[in-house]
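Chemist: Data file work26.txt (compact mmCIF, C-alpha atoms) is appended below.
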```txt
# COMPACT_ATOMS: atom_id res chain seq x y z
CA MET K 1 106.87 -19.56 -33.07
CA ALA K 2 106.15 -17.10 -35.83
CA ALA K 3 103.60 -14.35 -35.17
CA LYS K 4 100.35 -14.55 -37.14
CA SER K 5 100.46 -10.83 -37.94
CA VAL K 6 102.56 -7.82 -37.10
CA LEU K 7 99.95 -6.87 -34.49
CA GLU K 8 101.16 -9.75 -32.31
CA LEU K 9 104.58 -8.08 -32.18
CA VAL K 10 103.30 -4.98 -30.36
CA GLY K 11 104.75 -4.50 -26.86
CA ASN K 12 107.19 -6.59 -24.84
CA THR K 13 109.90 -4.07 -25.71
CA PRO K 14 113.44 -4.48 -24.36
CA LEU K 15 114.76 -2.79 -21.24
CA VAL K 16 118.43 -1.81 -21.31
CA GLU K 17 120.70 -0.33 -18.65
CA LEU K 18 122.35 2.99 -19.54
CA THR K 19 125.57 2.42 -17.62
CA ARG K 20 127.49 5.30 -19.20
CA LEU K 21 124.72 7.89 -18.81
CA SER K 22 124.08 7.19 -15.13
CA PRO K 23 125.09 10.37 -13.25
CA LYS K 24 126.57 8.57 -10.22
CA PRO K 25 127.68 5.06 -9.20
CA GLY K 26 124.71 4.39 -6.89
CA ILE K 27 122.17 5.11 -9.61
CA ARG K 28 121.05 2.42 -12.02
CA LEU K 29 119.50 4.05 -15.07
CA PHE K 30 117.32 1.93 -17.38
CA ALA K 31 115.66 2.70 -20.70
CA LYS K 32 112.64 0.96 -22.16
CA LEU K 33 113.08 1.00 -25.93
CA GLU K 34 109.60 1.65 -27.27
CA GLY K 35 111.13 2.36 -30.67
CA GLN K 36 111.32 -1.40 -31.07
CA ASN K 37 107.58 -1.75 -31.53
CA PRO K 38 106.59 -2.73 -35.12
CA THR K 39 106.15 0.84 -36.45
CA GLY K 40 108.84 2.30 -34.22
CA SER K 41 106.96 3.90 -31.35
CA LEU K 42 104.97 3.18 -28.21
CA LYS K 43 101.84 4.38 -30.02
CA ASP K 44 101.49 0.86 -31.49
CA ARG K 45 100.29 -0.20 -28.05
CA ILE K 46 97.50 2.35 -27.78
CA ALA K 47 96.44 2.16 -31.45
CA LEU K 48 95.86 -1.58 -31.12
CA ALA K 49 94.14 -1.20 -27.75
CA MET K 50 91.84 1.64 -28.88
CA VAL K 51 90.75 -0.16 -32.06
CA GLU K 52 90.16 -3.51 -30.36
CA THR K 53 88.27 -1.86 -27.50
CA ALA K 54 86.00 -0.09 -30.01
CA GLU K 55 85.47 -3.34 -31.93
CA ALA K 56 84.55 -5.16 -28.73
CA SER K 57 82.04 -2.47 -27.72
CA GLY K 58 80.46 -2.43 -31.19
CA GLU K 59 81.37 1.25 -31.81
CA LEU K 60 83.71 0.29 -34.63
CA GLU K 61 82.13 -1.90 -37.31
CA PRO K 62 83.21 -2.85 -40.83
CA GLY K 63 82.49 0.04 -43.17
CA ARG K 64 83.21 2.78 -40.67
CA GLU K 65 86.40 4.81 -41.17
CA LEU K 66 89.03 5.72 -38.61
CA LEU K 67 89.86 9.41 -38.07
CA GLU K 68 92.49 10.79 -35.68
CA PRO K 69 94.30 14.08 -35.08
CA THR K 70 97.96 13.07 -35.09
CA SER K 71 101.21 14.52 -36.33
CA GLY K 72 102.76 11.14 -36.84
CA ASN K 73 103.39 8.30 -34.44
CA THR K 74 99.79 7.58 -33.48
CA GLY K 75 98.73 7.87 -37.11
CA ILE K 76 101.44 5.49 -38.28
CA SER K 77 100.42 3.00 -35.58
CA LEU K 78 96.73 3.34 -36.45
CA ALA K 79 97.62 2.88 -40.12
CA MET K 80 99.28 -0.44 -39.27
CA VAL K 81 96.27 -1.62 -37.27
CA ALA K 82 93.85 -0.33 -39.94
CA ARG K 83 95.73 -2.12 -42.73
CA VAL K 84 95.79 -5.46 -40.96
CA LYS K 85 92.15 -5.21 -39.91
CA GLY K 86 90.84 -3.69 -43.16
CA TYR K 87 89.73 -0.19 -42.15
CA SER K 88 90.47 3.08 -43.91
CA LEU K 89 92.18 5.84 -41.91
CA THR K 90 92.28 9.64 -42.16
CA CYS K 91 94.87 11.60 -40.12
CA VAL K 92 94.59 15.33 -39.35
CA MET K 93 97.99 16.93 -38.75
CA PRO K 94 99.66 20.37 -38.73
CA GLU K 95 100.99 21.16 -42.21
CA ASN K 96 104.54 21.51 -40.85
CA ALA K 97 104.81 17.88 -39.66
CA THR K 98 108.03 16.23 -40.92
CA GLU K 99 108.12 14.85 -44.46
CA GLU K 100 109.00 11.30 -43.33
CA ARG K 101 105.80 11.15 -41.35
CA LYS K 102 103.55 12.31 -44.16
CA ARG K 103 105.30 9.99 -46.63
CA LEU K 104 105.16 6.98 -44.30
CA LEU K 105 101.47 7.56 -43.56
CA LYS K 106 100.66 7.74 -47.26
CA LEU K 107 102.69 4.60 -47.94
CA MET K 108 100.71 2.80 -45.26
CA GLY K 109 97.46 3.84 -46.92
CA ALA K 110 96.32 6.72 -44.70
CA LYS K 111 94.58 9.83 -46.05
CA ILE K 112 95.97 13.12 -44.75
CA VAL K 113 94.10 16.32 -43.89
CA LEU K 114 96.37 19.27 -43.02
CA SER K 115 95.55 21.84 -40.34
CA PRO K 116 97.24 25.27 -40.07
CA ALA K 117 100.87 25.09 -38.87
CA ASP K 118 100.43 28.09 -36.59
CA GLN K 119 97.68 26.32 -34.64
CA GLY K 120 99.86 23.31 -33.86
CA THR K 121 98.37 20.18 -32.37
CA ASN K 122 95.45 22.08 -30.87
CA GLY K 123 94.41 23.03 -34.40
CA SER K 124 94.49 19.39 -35.52
CA VAL K 125 92.36 18.35 -32.57
CA GLN K 126 89.76 21.03 -33.35
CA ALA K 127 89.69 20.19 -37.07
CA ALA K 128 89.28 16.45 -36.38
CA LEU K 129 86.50 17.02 -33.84
CA GLU K 130 84.64 19.17 -36.37
CA LEU K 131 85.06 16.59 -39.15
CA ALA K 132 83.87 13.74 -36.92
CA GLY K 133 80.85 15.78 -35.85
CA ARG K 134 79.95 16.53 -39.46
CA GLU K 135 80.41 13.12 -41.10
CA SER K 136 78.99 10.09 -39.35
CA GLN K 137 81.05 7.39 -41.09
CA TYR K 138 84.05 8.38 -39.01
CA TYR K 139 84.99 6.66 -35.80
CA MET K 140 87.57 8.71 -33.92
CA PRO K 141 89.59 6.75 -31.32
CA PHE K 142 90.79 10.13 -29.97
CA GLN K 143 93.83 9.21 -27.93
CA TYR K 144 93.48 12.30 -25.71
CA ALA K 145 90.22 11.10 -24.17
CA ASN K 146 90.26 7.31 -24.72
CA ASP K 147 90.69 5.20 -21.58
CA ALA K 148 92.16 2.41 -23.70
CA ASN K 149 95.25 4.65 -24.07
CA PRO K 150 96.35 4.66 -20.40
CA ARG K 151 95.01 1.10 -20.01
CA ALA K 152 97.37 -0.15 -22.72
CA HIS K 153 100.26 1.32 -20.74
CA TYR K 154 98.94 -0.05 -17.45
CA GLU K 155 98.57 -3.58 -18.80
CA GLY K 156 101.56 -3.44 -21.13
CA THR K 157 104.35 -0.90 -20.60
CA GLY K 158 103.97 -0.64 -16.82
CA ALA K 159 103.45 -4.36 -16.23
CA GLU K 160 106.54 -5.16 -18.31
CA ILE K 161 108.70 -2.75 -16.27
CA VAL K 162 107.40 -4.14 -12.98
CA GLY K 163 108.06 -7.66 -14.22
CA GLU K 164 111.69 -6.95 -15.02
CA LEU K 165 112.85 -4.87 -12.05
CA ASP K 166 112.64 -5.51 -8.33
CA ARG K 167 112.97 -1.84 -7.50
CA VAL K 168 111.86 1.41 -9.16
CA ASP K 169 112.49 4.75 -7.46
CA VAL K 170 111.74 7.07 -10.38
CA LEU K 171 109.78 6.53 -13.60
CA VAL K 172 110.19 9.21 -16.26
CA ALA K 173 108.17 9.51 -19.46
CA GLY K 174 107.33 12.24 -21.91
CA LEU K 175 104.09 14.14 -21.43
CA GLY K 176 101.90 14.23 -24.50
CA THR K 177 98.42 12.83 -24.08
CA GLY K 178 99.37 11.69 -20.58
CA GLY K 179 98.56 8.05 -21.45
CA THR K 180 102.02 6.63 -20.74
CA LEU K 181 102.40 8.46 -17.43
CA MET K 182 98.88 7.71 -16.20
CA GLY K 183 98.92 4.02 -17.20
CA ALA K 184 102.51 2.93 -16.64
CA GLY K 185 102.73 5.29 -13.66
CA ALA K 186 99.75 3.67 -11.94
CA ARG K 187 101.13 0.15 -12.51
CA VAL K 188 104.62 1.06 -11.25
CA ARG K 189 103.16 2.84 -8.22
CA GLU K 190 101.09 -0.25 -7.36
CA ALA K 191 104.24 -2.37 -7.24
CA PHE K 192 106.50 0.32 -5.74
CA PRO K 193 104.33 2.73 -3.72
CA ASP K 194 107.17 5.20 -3.11
CA ALA K 195 108.12 5.50 -6.77
CA VAL K 196 108.24 9.04 -8.10
CA ILE K 197 106.25 9.39 -11.35
CA ALA K 198 107.83 12.19 -13.35
CA ALA K 199 106.81 13.90 -16.60
CA ALA K 200 109.18 15.57 -19.01
CA GLU K 201 107.49 18.17 -21.19
CA PRO K 202 108.76 20.42 -23.95
CA LEU K 203 109.28 24.14 -23.48
CA PRO K 204 107.59 25.38 -26.66
CA GLY K 205 109.02 28.25 -28.65
CA ASP K 206 107.04 31.49 -28.90
CA PRO K 207 105.99 30.85 -32.53
CA VAL K 208 104.37 27.57 -31.47
CA ILE K 209 102.44 29.20 -28.65
CA GLY K 210 101.42 31.65 -31.35
CA LEU K 211 98.84 34.32 -31.07
CA ARG K 212 96.05 32.11 -29.83
CA SER K 213 94.14 32.93 -26.71
CA LEU K 214 94.36 30.92 -23.52
CA GLU K 215 90.80 29.73 -24.12
CA ASP K 216 92.24 27.61 -26.94
CA GLY K 217 94.41 25.77 -24.41
CA TYR K 218 93.88 22.07 -24.04
CA VAL K 219 94.32 19.60 -21.19
CA PRO K 220 93.73 16.00 -22.35
CA PRO K 221 90.79 14.48 -20.44
CA ILE K 222 92.82 11.34 -19.64
CA LEU K 223 95.54 13.42 -17.95
CA ASP K 224 95.24 13.97 -14.20
CA VAL K 225 98.18 16.17 -13.25
CA ALA K 226 97.51 15.41 -9.56
CA LYS K 227 98.77 11.86 -10.23
CA LEU K 228 102.19 13.17 -11.25
CA ASP K 229 104.86 13.71 -8.62
CA ARG K 230 107.11 15.87 -10.77
CA LYS K 231 106.59 17.76 -14.04
CA LEU K 232 109.73 19.18 -15.60
CA LEU K 233 110.11 21.53 -18.54
CA VAL K 234 112.95 20.59 -20.88
CA THR K 235 114.22 22.95 -23.58
CA ASN K 236 114.72 21.78 -27.16
CA THR K 237 118.45 22.39 -26.76
CA GLU K 238 118.59 20.13 -23.70
CA SER K 239 116.54 17.45 -25.46
CA VAL K 240 118.76 17.38 -28.54
CA ALA K 241 121.90 17.33 -26.37
CA ALA K 242 120.54 14.27 -24.57
CA VAL K 243 119.58 12.56 -27.85
CA ARG K 244 123.20 13.06 -28.91
CA ALA K 245 124.46 11.77 -25.55
CA LEU K 246 122.34 8.64 -25.98
CA LEU K 247 124.02 8.12 -29.36
CA ASP K 248 127.53 8.99 -28.20
CA GLU K 249 127.51 7.05 -24.94
CA GLU K 250 125.08 4.19 -25.50
CA ALA K 251 124.70 3.94 -29.30
CA ILE K 252 120.93 4.33 -28.96
CA PHE K 253 119.20 6.44 -31.63
CA ALA K 254 116.07 7.84 -30.02
CA GLY K 255 113.55 10.58 -30.77
CA ILE K 256 113.36 14.10 -29.35
CA SER K 257 111.02 13.32 -26.48
CA SER K 258 113.41 10.55 -25.39
CA GLY K 259 116.14 13.17 -25.13
CA ALA K 260 113.91 15.21 -22.84
CA VAL K 261 113.13 12.12 -20.77
CA VAL K 262 116.80 11.23 -20.35
CA HIS K 263 117.64 14.85 -19.48
CA ALA K 264 114.91 14.91 -16.81
CA ALA K 265 115.89 11.44 -15.54
CA ARG K 266 119.52 12.46 -15.03
CA LYS K 267 118.42 15.61 -13.21
CA LEU K 268 116.10 13.63 -10.89
CA ALA K 269 118.72 10.90 -10.41
CA SER K 270 121.26 13.48 -9.30
CA GLU K 271 118.94 14.34 -6.38
CA LEU K 272 119.27 10.74 -5.09
CA ASP K 273 122.23 8.95 -3.49
CA ASP K 274 121.20 5.63 -4.94
CA GLY K 275 118.24 4.07 -6.67
CA VAL K 276 116.71 2.77 -9.86
CA VAL K 277 115.54 5.27 -12.46
CA VAL K 278 113.54 4.07 -15.48
CA CYS K 279 113.15 6.11 -18.67
CA ILE K 280 110.51 5.30 -21.26
CA LEU K 281 111.98 6.16 -24.67
CA ALA K 282 108.88 6.66 -26.82
CA ASP K 283 110.38 6.29 -30.27
CA GLY K 284 113.50 6.00 -32.38
CA GLY K 285 115.21 8.94 -34.07
CA TRP K 286 114.49 7.80 -37.61
CA LYS K 287 111.38 9.92 -38.16
CA TYR K 288 113.33 13.08 -37.28
CA LEU K 289 116.23 12.65 -39.71
CA SER K 290 114.93 15.24 -42.19
CA ALA K 291 114.60 17.90 -39.48
CA SER K 292 117.02 20.80 -39.75
CA PHE K 293 118.18 20.98 -36.13
CA TRP K 294 120.79 18.21 -36.34
CA ALA K 295 123.14 20.51 -38.22
CA ALA K 296 121.91 23.82 -36.80
CA GLU K 297 124.17 26.04 -34.71
CA ASP K 298 121.13 27.53 -33.02
CA VAL K 299 119.01 24.53 -32.07
CA GLU K 300 116.26 26.63 -30.48
CA ALA K 301 115.82 28.75 -33.62
CA ALA K 302 115.68 25.62 -35.76
CA MET K 303 113.05 23.98 -33.56
CA GLU K 304 110.90 26.81 -32.23
CA THR K 305 108.28 26.74 -34.99
CA SER K 306 107.19 23.13 -34.45
CA ILE K 307 105.82 20.93 -31.73
CA TRP K 308 108.15 17.94 -31.63
CA TRP K 309 106.18 15.56 -29.41
CA MET N 310 113.37 40.14 -7.83
CA THR N 311 112.14 37.33 -10.02
CA THR N 312 112.04 37.28 -13.80
CA VAL N 313 108.65 36.19 -15.14
CA ARG N 314 108.41 34.99 -18.73
CA ILE N 315 105.12 35.92 -20.38
CA PRO N 316 103.83 33.76 -23.29
CA PRO N 317 102.76 35.48 -26.53
CA THR N 318 99.13 34.67 -25.63
CA LEU N 319 99.31 37.03 -22.62
CA ARG N 320 101.41 39.86 -23.97
CA GLU N 321 98.42 41.94 -25.00
CA GLN N 322 97.75 42.23 -21.27
CA THR N 323 101.35 43.26 -20.49
CA GLY N 324 101.74 45.91 -23.15
CA GLY N 325 103.80 43.55 -25.27
CA GLU N 326 106.38 42.76 -22.57
CA ALA N 327 107.84 39.22 -22.85
CA THR N 328 109.68 39.30 -19.52
CA ILE N 329 108.71 41.24 -16.42
CA SER N 330 110.44 41.56 -13.06
CA ALA N 331 108.17 40.92 -10.12
CA SER N 332 108.58 40.34 -6.39
CA GLY N 333 107.03 37.87 -3.98
CA GLU N 334 108.06 34.95 -1.82
CA THR N 335 105.40 32.63 -3.21
CA VAL N 336 103.81 32.19 -6.63
CA ARG N 337 100.63 33.82 -5.29
CA GLU N 338 102.50 36.90 -4.03
CA LEU N 339 104.42 37.11 -7.27
CA LEU N 340 101.30 36.90 -9.43
CA ASP N 341 99.52 39.40 -7.16
CA ASP N 342 102.38 41.85 -7.74
CA LEU N 343 102.17 41.19 -11.48
CA THR N 344 98.38 41.48 -11.76
CA GLY N 345 98.47 44.60 -9.54
CA ARG N 346 100.54 46.30 -12.21
CA PHE N 347 98.81 44.64 -15.18
CA PRO N 348 95.17 44.26 -14.03
CA ALA N 349 94.00 42.81 -17.34
CA LEU N 350 96.14 39.74 -16.55
CA ARG N 351 94.07 38.83 -13.50
CA ASP N 352 91.06 37.43 -15.36
CA ARG N 353 93.32 35.45 -17.66
CA ILE N 354 95.49 33.82 -15.00
CA TYR N 355 92.97 33.19 -12.22
CA ALA N 356 89.63 31.39 -12.13
CA GLU N 357 87.76 31.66 -8.81
CA GLY N 358 90.95 32.53 -6.94
CA GLU N 359 92.91 29.55 -8.26
CA LEU N 360 95.14 29.13 -11.28
CA ALA N 361 93.02 28.93 -14.42
CA ARG N 362 92.89 25.44 -15.94
CA PHE N 363 94.72 26.38 -19.12
CA VAL N 364 97.53 28.28 -17.40
CA ASN N 365 100.68 26.48 -16.31
CA VAL N 366 103.20 28.15 -14.01
CA TYR N 367 106.74 26.84 -13.65
CA VAL N 368 109.27 27.73 -10.96
CA GLY N 369 112.80 26.56 -11.67
CA GLY N 370 111.46 24.58 -14.63
CA GLU N 371 108.90 22.62 -12.56
CA ASP N 372 105.12 22.90 -12.77
CA VAL N 373 103.80 24.37 -9.51
CA ARG N 374 100.79 22.02 -9.73
CA THR N 375 103.15 19.18 -8.73
CA LYS N 376 104.68 21.37 -6.02
CA ASP N 377 102.65 23.53 -3.63
CA GLY N 378 100.50 25.28 -6.21
CA LEU N 379 100.12 29.01 -5.60
CA GLU N 380 101.95 28.62 -2.27
CA THR N 381 105.08 27.28 -3.99
CA PRO N 382 108.04 29.33 -2.75
CA VAL N 383 109.89 31.45 -5.27
CA GLY N 384 113.59 31.90 -4.58
CA ASP N 385 115.17 35.27 -5.16
CA GLY N 386 116.76 35.35 -8.61
CA SER N 387 114.78 32.39 -9.93
CA THR N 388 112.86 32.38 -13.20
CA VAL N 389 109.11 31.85 -13.38
CA ILE N 390 107.56 30.79 -16.68
CA LEU N 391 103.90 31.15 -17.60
CA LEU N 392 102.65 28.90 -20.40
CA PRO N 393 99.29 28.01 -21.89
CA ALA N 394 98.37 24.32 -21.57
CA MET N 395 98.89 22.79 -25.01
CA ALA N 396 98.11 19.39 -26.42
CA GLY N 397 101.12 17.24 -27.19
CA GLY N 398 101.27 13.54 -27.89
CA CYS N 399 101.77 13.33 -31.62
```
Here is a file; write its structure as structure tokens.
Modeler:
Amino acid sequence: MAAKSVLELVGNTPLVELTRLSPKPGIRLFAKLEGQNPTGSLKDRIALAMVETAEASGELEPGRELLEPTSGNTGISLAMVARVKGYSLTCVMPENATEERKRLLKLMGAKIVLSPADQGTNGSVQAALELAGRESQYYMPFQYANDANPRAHYEGTGAEIVGELDRVDVLVAGLGTGGTLMGAGARVREAFPDAVIAAAEPLPGDPVIGLRSLEDGYVPPILDVAKLDRKLLVTNTESVAAVRALLDEEAIFAGISSGAVVHAARKLASELDDGVVVCILADGGWKYLSASFWAAEDVEAAMETSIWW
Amino acid sequence: MTTVRIPPTLREQTGGEATISASGETVRELLDDLTGRFPALRDRIYAEGELARFVNVYVGGEDVRTKDGLETPVGDGSTVILLPAMAGGC
């Protein structure tokens, strides 16, 4: 039966076994392809959930405008939801976000406000909070502090994984807002109490860390690090190598964070004799095609000035 | 000895040094050695005797908050990385 709108196509993403990337015969490695959501990332799930939760509570009414700090995926997902439901959307992002993302957001009808590149995502968050405080027409879903974010992954992503597998020993996802790990992690742990919930996070280059003080640091309110069993730093070089391995071995074109997730998953899998390891691949590689690192000899140098996920 | 990587946000307190050798069998001992030599670091790294909320410490590439915190053992020759907590999640 045909869907009534693209919003009905969010979620229920495919799970595929990565037979060639499994590090040893006793390990079954699976990938959940979140790039197959309508706008190409798992953020479709949380955008839809955050907007519908706000509509149900009465916080979001016709005439109000959506505002969100986002360097891409969440904005593109919110733009889809906003278009279908008839809201306008403004995205605040660092000025060095990739061109595809800015262009796609504009094509989908979003307005863009740029924040300083050297302040990264933290700068976008600050700028959006200030704008929302100043102008009352804005409703800011704010994925970093919105319970609908982890709930979408509890009820969707996590439930889908649990429904398809009869064993999960390790679940690996990228750490951004923490929504995927908190939500899907909780659901997987309910079904498989001994499952290890592991975060892969990027090792940022010095230019990204910048000259800001530690007081400008930010821990998303929805993230409870105590609920993670492992938290692994992955370098940009390792992430890109794993993105290439996904292409070479499995013909899967995934984004940078997915590379980090696969790198971390293989490392954790190598600590086990046997077991089932599930990777959540947050997006496809399409929105990174214009980035310079694909052809760079020095991947770190090409990537160190941006936050990639 | 252990190599400790200092983020740009803390280099004012280390006289500009990006990597410093320190000794200690746990993260606490290591950071005590470090803050003994660079006292200005102490108020930045610790809050009420624990790791400050916006400071992440990694041993062997893993966050000590998912290991044994300040009591996490540090192997000889390993690398310890200090990083500010930063928002991700584009």
Chemist: Would you give me, as a ChimeraX atom specification, the residues of chain K that come within 9 Å of chain N, using only C-alpha atoms?
Modeler: /K:69-75,93,120-122,125,143-144,174-179,201-204,206-207,209-220,225-234,307-309
Chemist: Take atom CA of Asp352 of chain N and atom CA of Ala199 of chain K and report the distance between them in Å, one decimal.
Modeler: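 Going from atom CA of Asp352 of chain N over to atom CA of Ala199 of chain K, I get 28.3 Å.
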Chemist: Mind checking which residues fall within 10 Å of Leu343 of chain N, counting all atoms listed in the file, ignoring those fewer than 3 positions away in the same chain, and posting them as an NGL selection string?
Modeler: :N and (313 or 323 or 329-333 or 337-340 or 346-348 or 350-351)
Chemist: Go ahead and dump the residues you just picked, C-alpha atoms, as a PDB file, in the coordinates of the input.
Modeler:
```pdb
ATOM      1  CA  VAL N 313     108.650  36.190 -15.140  1.00  0.00           C
ATOM      2  CA  THR N 323     101.350  43.260 -20.490  1.00  0.00           C
ATOM      3  CA  ILE N 329     108.710  41.240 -16.420  1.00  0.00           C
ATOM      4  CA  SER N 330     110.440  41.560 -13.060  1.00  0.00           C
ATOM      5  CA  ALA N 331     108.170  40.920 -10.120  1.00  0.00           C
ATOM      6  CA  SER N 332     108.580  40.340  -6.390  1.00  0.00           C
ATOM      7  CA  GLY N 333     107.030  37.870  -3.980  1.00  0.00           C
ATOM      8  CA  ARG N 337     100.630  33.820  -5.290  1.00  0.00           C
ATOM      9  CA  GLU N 338     102.500  36.900  -4.030  1.00  0.00           C
ATOM     10  CA  LEU N 339     104.420  37.110  -7.270  1.00  0.00           C
ATOM     11  CA  LEU N 340     101.300  36.900  -9.430  1.00  0.00           C
ATOM     12  CA  ARG N 346     100.540  46.300 -12.210  1.00  0.00           C
ATOM     13  CA  PHE N 347      98.810  44.640 -15.180  1.00  0.00           C
ATOM     14  CA  PRO N 348      95.170  44.260 -14.030  1.00  0.00           C
ATOM     15  CA  LEU N 350      96.140  39.740 -16.550  1.00  0.00           C
ATOM     16  CA  ARG N 351      94.070  38.830 -13.500  1.00  0.00           C
TER      17      ARG N 351
END
```
Chemist: Fewer than 2 positions away in the same chain doesn't count, so skip those; otherwise give me all residues within 10 Å of Tyr288 of chain K, counting only C-alpha atoms, as a list in words.
Modeler: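 In the requested form, the answer reads Thr98, Glu99, Glu100, Arg101, Ala254, Gly255, Ile256, Gly284, Gly285, Trp286, Ser290, Ala291, Ser292, Phe293, Trp294 and Trp308 of chain K.
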Chemist: Work out how far atom CA of Lys85 of chain K is from atom CA of Val51 of chain K, in Å to one decimal.
Modeler: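 Computing it gives 9.4 Å between the two atoms.
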Chemist: Only N, CA and C atoms, please: segment 267-285 of chain K from the block, as a PDB file, in the first residue's frame.
Modeler:
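Just written: decode12.pdb:
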```
ATOM      1  N   LYS K 267      37.038  -3.286  16.544  1.00  0.00           N
ATOM      2  CA  LYS K 267      37.957  -3.335  17.692  1.00  0.00           C
ATOM      3  C   LYS K 267      37.311  -4.093  18.856  1.00  0.00           C
ATOM      4  N   LEU K 268      36.035  -3.775  19.154  1.00  0.00           N
ATOM      5  CA  LEU K 268      35.339  -4.438  20.251  1.00  0.00           C
ATOM      6  C   LEU K 268      35.088  -5.904  19.925  1.00  0.00           C
ATOM      7  N   ALA K 269      34.768  -6.192  18.664  1.00  0.00           N
ATOM      8  CA  ALA K 269      34.520  -7.576  18.253  1.00  0.00           C
ATOM      9  C   ALA K 269      35.776  -8.423  18.410  1.00  0.00           C
ATOM     10  N   SER K 270      36.933  -7.810  18.172  1.00  0.00           N
ATOM     11  CA  SER K 270      38.167  -8.586  18.259  1.00  0.00           C
ATOM     12  C   SER K 270      38.488  -8.987  19.702  1.00  0.00           C
ATOM     13  N   GLU K 271      37.806  -8.360  20.671  1.00  0.00           N
ATOM     14  CA  GLU K 271      37.993  -8.746  22.075  1.00  0.00           C
ATOM     15  C   GLU K 271      37.161  -9.986  22.428  1.00  0.00           C
ATOM     16  N   LEU K 272      36.210 -10.352  21.554  1.00  0.00           N
ATOM     17  CA  LEU K 272      35.315 -11.486  21.815  1.00  0.00           C
ATOM     18  C   LEU K 272      35.742 -12.707  21.008  1.00  0.00           C
ATOM     19  N   ASP K 273      35.373 -13.903  21.485  1.00  0.00           N
ATOM     20  CA  ASP K 273      35.593 -15.114  20.697  1.00  0.00           C
ATOM     21  C   ASP K 273      34.459 -15.292  19.697  1.00  0.00           C
ATOM     22  N   ASP K 274      33.254 -15.030  20.182  1.00  0.00           N
ATOM     23  CA  ASP K 274      32.095 -15.115  19.302  1.00  0.00           C
ATOM     24  C   ASP K 274      31.040 -14.143  19.804  1.00  0.00           C
ATOM     25  N   GLY K 275      30.057 -13.881  18.962  1.00  0.00           N
ATOM     26  CA  GLY K 275      29.003 -12.973  19.384  1.00  0.00           C
ATOM     27  C   GLY K 275      28.415 -12.203  18.227  1.00  0.00           C
ATOM     28  N   VAL K 276      27.397 -11.395  18.573  1.00  0.00           N
ATOM     29  CA  VAL K 276      26.711 -10.585  17.575  1.00  0.00           C
ATOM     30  C   VAL K 276      26.973  -9.105  17.884  1.00  0.00           C
ATOM     31  N   VAL K 277      27.513  -8.419  16.908  1.00  0.00           N
ATOM     32  CA  VAL K 277      27.858  -7.002  17.062  1.00  0.00           C
ATOM     33  C   VAL K 277      27.035  -6.199  16.060  1.00  0.00           C
ATOM     34  N   VAL K 278      26.310  -5.211  16.562  1.00  0.00           N
ATOM     35  CA  VAL K 278      25.431  -4.404  15.695  1.00  0.00           C
ATOM     36  C   VAL K 278      25.952  -2.973  15.613  1.00  0.00           C
ATOM     37  N   CYS K 279      26.111  -2.494  14.385  1.00  0.00           N
ATOM     38  CA  CYS K 279      26.542  -1.113  14.141  1.00  0.00           C
ATOM     39  C   CYS K 279      25.356  -0.314  13.627  1.00  0.00           C
ATOM     40  N   ILE K 280      25.147   0.863  14.166  1.00  0.00           N
ATOM     41  CA  ILE K 280      24.141   1.755  13.597  1.00  0.00           C
ATOM     42  C   ILE K 280      24.862   2.757  12.691  1.00  0.00           C
ATOM     43  N   LEU K 281      24.600   2.658  11.396  1.00  0.00           N
ATOM     44  CA  LEU K 281      25.240   3.554  10.424  1.00  0.00           C
ATOM     45  C   LEU K 281      24.293   4.733  10.186  1.00  0.00           C
ATOM     46  N   ALA K 282      24.671   5.903  10.725  1.00  0.00           N
ATOM     47  CA  ALA K 282      23.741   7.025  10.846  1.00  0.00           C
ATOM     48  C   ALA K 282      23.301   7.632   9.520  1.00  0.00           C
ATOM     49  N   ASP K 283      24.196   7.641   8.548  1.00  0.00           N
ATOM     50  CA  ASP K 283      23.817   8.245   7.267  1.00  0.00           C
ATOM     51  C   ASP K 283      24.648   7.681   6.118  1.00  0.00           C
ATOM     52  N   GLY K 284      24.240   8.053   4.901  1.00  0.00           N
ATOM     53  CA  GLY K 284      24.996   7.672   3.725  1.00  0.00           C
ATOM     54  C   GLY K 284      26.134   8.653   3.478  1.00  0.00           C
ATOM     55  N   GLY K 285      27.000   8.325   2.526  1.00  0.00           N
ATOM     56  CA  GLY K 285      28.164   9.169   2.270  1.00  0.00           C
ATOM     57  C   GLY K 285      27.909  10.344   1.350  1.00  0.00           C
TER      58      GLY K 285
END
```
